[in-house]
Each structure stands twice: as structure tokens, then as C-alpha cells.
Amino acid sequence: MKPIHLFFSLCFLFLIYTLSIYLTPLTVAKMSTIDSEKAVSGRIVWQKYNCQSCHQLYGLGGYLGPDLTNVVSNPKKGERMIKQILKYGVKQMPCYNMPNDDYKCLIEFLKSVDASGLADPRKYTISKTGMINQK
Amino acid sequence: MKRTNLSIGKLFLLTALVMLLLGLIFGVLSTISYLVPDFLKDTLGFTTLRPLHVSSAVFWIILGATGCVYCCLQFYTDKELSNFADLTQWVLWIIALAGIFNSYFTKSFGGREYWEFNPIWALPITIAWIIFLVNFVKISKKIKDWPVYIWMWLTGIIFFLFTFIENYLWIFSYFREHFVTDMTIQWKVNGSLVGSWNQILYGTAFFLMDKFENNKHVGRSKLAFGMFFLGLFNLMFNWGHHIYTLPTEQYIRYVGYIVSMTEWIFFVRILYTWKQTVSDVQKHYHYFPYRFIIAADIWVFINMGQAILMSIPAINLYTHGTHITVSHAMGTTIGINSMIIFAACFEFFDFKRETSKIVTNLSTLSFWFLQFSLLIFWLSLIMAGIKKSIWQMSENQSSYSKMMVSLTPYFTTFFVAGLGLLISFTILAIVLIKTYWKNRFIIHLK
């Protein structure tokens, strides 16, 4: 096989793979796991205040602050604590005078992230193939 | 009349060096935030310092890679490259950089991690990259029987453009409506972007090896092409190893896992050719560009070993979300990408050891101090990561804040090693800029 043929074959496979990922929201729409409008806007609020610089979602993001994937459902933290920290700040985190609309969208976003699964590595099992799965 | 040799390639390399120095300064300032929580908290703060550091470092690599391709092509085609389109590409980058830094200093964020600036500034970067692609195709189509590095540059440029545009799909609400898919695409992009600039820089390393040996065997061997396709295959499909814990489709996680395991082939190949590499080191020991390429080779070995282990989901479960991941990111960008760009700079700026003994000794000292600082830097992050991993998996977790305080000794070491990197890189960058200035009337062709 000539290099050019191998190159185009790989590109073709890549495009199919990419397309299959792009179409995922259409299949999950049937399962009604689409986020609410506020949650979708909340993702933009998350970026606008650059929360990702310090915080993680599913272990992805900055390493200064804690992972916030399941912060809303955590009985020791929850919505009330988020509000307090945003208002007064803590350690390296400054206080954010966030407009109420932004705050509501951010909370909706964090709720939708929370509902999507668990990020705690203790809640996973390891299969024989070495793959990990949520308990 | 004398002409200056400010070819477009060198202009990009000089701009890249400025970005490196800025990246290092912002990096050291960011680390202080770990040790002194109130440091610049009410002015810049960590939320500004981190993107300033990360973006400067990313632009050092991207601009450096662009400069490398232009310098190599100028040498390979034996024609002076500098035209209106090239200059437009550089001007667009300067406009983008000015906008991005302004965006950060005024806290006008809005982008995703690593690209936190206002998305409008992605536009000049995209146009600049399209010009780069057009220029590259125009120059390279005249070359017959492409060596592997021309393939690597082409695929790197195309895939960077594709994934950079893909990086902004979140602008459309369709992609944001499903959080897990959105995150999957975000990390598909991050993985492939790194793969793209790696293709460009590894291509540069192949080119330099050909140049050092004064032959064209390395770039045309079957093994080189085999490695290129394996690298391309990984660029396209291995990114799934970033998101094992994300509840995305199972097949994406398995594709990432299986494809990542093909990297063992690279690893075994490095081990197999180790003996030859060692004899080459002895042969070219005092030759600076070669020394940087060998340093990159050693860091490839270390980081690839680490990457392969981290790509096994059962191990990734322990390392994910810890500073072990940071050590890998820093190890590759500093140890591999930066070493290759420095090799290219020393080669194309015409650094001659015979010119000044003091400068040569200073550069040698800085080179070794850089390697030592990087090793300490990398190890301190791994140690911090191991400690965080133990905390993450323990049943009776202390508070996050307490855990972070317990990492202070590692962060202090990390800070000191970071200062070492700043000092050594600064000395080497100054040597290069002075060398460029001294040789500015030399046109670098075959």
C-alpha cells in the first residue's frame, strides 16, 4: 500500500469516528438526557468566570481547588456552601459578585453535571481487561 | 547592500522565544499562588495567571513549530522564504496575541481550558493557520519524493487546523446541550491538538537528524514511515485515555485504551536503538543542536513510559486528576517540544562553539542546569500526585484544604525547580537572540 493510500484510509476512518461522536446528542435526545436551557447557559458562565482554571469536572481542569462534579449532591457541601464561597471567597478564591442570573445558570449547570455520573475514583471497579466502570 | 536574514522562519522563532520567557515568568508567579494563597489575589489572581502561563507556553510551541517548518523548508528547497503572505501570517499572530493578553488582563474570559481568552481571538489564529497551510502546500508541491518529515509537517498543519476549528464547536448550543458529549469533544480536541504539534516537531527532529548526518536516509527509511503512520493513528484515535472516568460511550474508552497500547511499539523501538544513540552522542557530544535532540530523545523515553502506564485504565484511575497528569504535560512540553525547538534555534541561528569560549561554557552549564531542574520539577509533581492519589482513594478523607497544605514541601520544591528552569531557559534564549543578531547578515541556505 502506498503512503498516500494509507493516509487517506486513516483520514476516512477518523472522519467516521468523529461523525459518530458528533451525532451522539441526537441518540441521547431520545433518552431525554438533554440539559435544560439554564444548564446550557451555565456552561458559558463556568467559562466566563474561568472556574476551570482551579476546579475540575470528572478530574479534568485545574488542580488548585477541589473537583466539583458532585458538589451539589454532597451533603457536606451543596448549593448553600457554593453560594457562601462565591460571596465571600476562600483561600486563593476571590469573592465573586455574580449577577443572580449567572448564579442560577451556574447552579443548574452543576446540577446537570452532578446528574451525569460520579467522579469519585472510589466508586469504580476494575474489570479483567483493565477497563474501569462505575459501581 | 547587505540584506538582513530575518527570514519568516527566524521571525517566528524569535517571537516564540519571547513567548517562552513570558510563559516562564507567569508560570513562576502562578506557583507562588500555591504557596502564598493571597498572592495577587485581588488583582491578577490564579484565574488570570494560569491562562497567561498556559497560553504563553502553548504559543511558544505553536510559533516555534511554525518557525521550525519555515526554516527547514528554506534550507531544504534552497530558496529564501519571505513573502507578503508569510508576513501577513505573522502579523495576524501578533494581532491575536495582543488581543489574547488584553483579554486575560481585563479578565474577559469565555473560552475553554487552555484557550480561555475571548473566542473572537481564535479568528486571526485560524486565518493565520490557513495561510500557513496554503504556503506550505505551495512550497512542498515542488518537492519530489517526499521524505517522512514533509508528510509529518503536512499532517500536523492539517490536523491542527481541523481540531482548532473543532475546539469551537461548543459555540453551537447543539454541542453544549449534552454535557458528556461536549466534554468528550473538548478532550478529543485537546488530545489531537497536542498530537498535531508533536507531528510538526518530530518531523523537525527527523529533518535535523538528516542534516546532522548529511544524508537523506533517516527521512526515507521504511521504519520512519512506519513510525509516522503509527503516530498519526495515535493522534486520531488515542485521546480517549483522557476521559476514562467520564461516563461517555463505552466504545470511545476502549478505542482510546487499545490504540494507546500501540505506543509500546515506539517504546520498544527506542530501547532497541538505544545503543546506536549512545554512540552518536559520543560522536556529536559538543554539538549543541544534537545535544538538544538527544535530550528530547531521553525525555521521550521517560514520558512515553509514563504515558503508556497512565493509559491503562486501572492505573489511570489512581493518577487521573492528580499532579501526575501535570508532570506528564510539563515533561512533554518542556522535555520534548522545547528541546526540539531549541535544537532548531541553535542550528538555524548559526551558533558556533568556536566564537566564544565563555558563551559556549555558559550555554553548556545552562543546558545541564535545565535538565537537572526539569528532572526535579517532574519528580516533585509526581510525588505531589502520589500523595493526592492516596488521599483520593482513602475511605477517611481529610478536607481538600488539609490535603493541599500537606503538599506544601512538594510545591516548594516545584517552585525552586521552576526558578531553575526560568534561569536556564532565559540564559539560553539570550544566547540565541545575541547569536541571531550577530549573524543577521547571513542567509541560511544549503
# chains A, B, ... in the order shown; residues from 1 in each chain; ligands from 1
call {"tool": "interface_residues", "arguments": {"of": "chain A", "to": "chain B", "cutoff": "7 Å", "atoms": "only C-alpha atoms", "output": "PyMOL selection string"}}
result
chain A and resi 14+24-25+34-35+40+44+47-50+52-53+58-61+66+91-92+94+113+117+119+121-122+126+130-132
call {"tool": "select_by_dssp", "arguments": {"residues": "chain A", "states": "strand (DSSP E or B)", "output": "ChimeraX atom specification"}}
result
/A:56-57,60-61,67,90,93,124-126,132-134
call {"tool": "atom_distance", "arguments": {"atom1": "CA of Val268 in chain B", "atom2": "CA of Ser311 in chain B"}}
result
16.5 Å
call {"tool": "residues_around", "arguments": {"residues": "Leu201 in chain B", "least_positions_apart": "4", "cutoff": "7 Å", "atoms": "only C-alpha atoms", "output": "ChimeraX atom specification"}}
result
/B:65,197,205,337,340
call {"tool": "residues_around", "arguments": {"residues": "Ala295 in chain B", "least_positions_apart": "2", "cutoff": "9 Å", "atoms": "only C-alpha atoms", "output": "mmCIF file with C-alpha atoms, in the first residue's frame"}}
result
data_model
loop_
_atom_site.group_PDB
_atom_site.id
_atom_site.type_symbol
_atom_site.label_atom_id
_atom_site.label_comp_id
_atom_site.auth_asym_id
_atom_site.auth_seq_id
_atom_site.Cartn_x
_atom_site.Cartn_y
_atom_site.Cartn_z
ATOM 1 C CA TYR B 290 22.464 17.450 18.540
ATOM 2 C CA ARG B 291 22.687 17.648 22.299
ATOM 3 C CA PHE B 292 19.153 19.098 22.482
ATOM 4 C CA ILE B 293 17.818 16.404 20.136
ATOM 5 C CA ASP B 297 15.007 11.614 22.886
ATOM 6 C CA ILE B 298 15.656 10.781 26.557
ATOM 7 C CA TRP B 299 12.597 12.767 27.662
ATOM 8 C CA VAL B 300 10.508 10.968 25.002
ATOM 9 C CA GLY B 335 11.387 17.961 27.855
ATOM 10 C CA ILE B 336 10.397 17.086 24.307
ATOM 11 C CA MET B 339 14.262 20.725 23.399
ATOM 12 C CA ILE B 340 13.454 20.206 19.699
ATOM 13 C CA GLN B 371 17.932 19.123 32.520
#
call {"tool": "residues_around", "arguments": {"residues": "Lys135 in chain A", "least_positions_apart": "4", "cutoff": "9 Å", "atoms": "only C-alpha atoms", "output": "PyMOL selection string"}}
result
chain A and resi 123-125
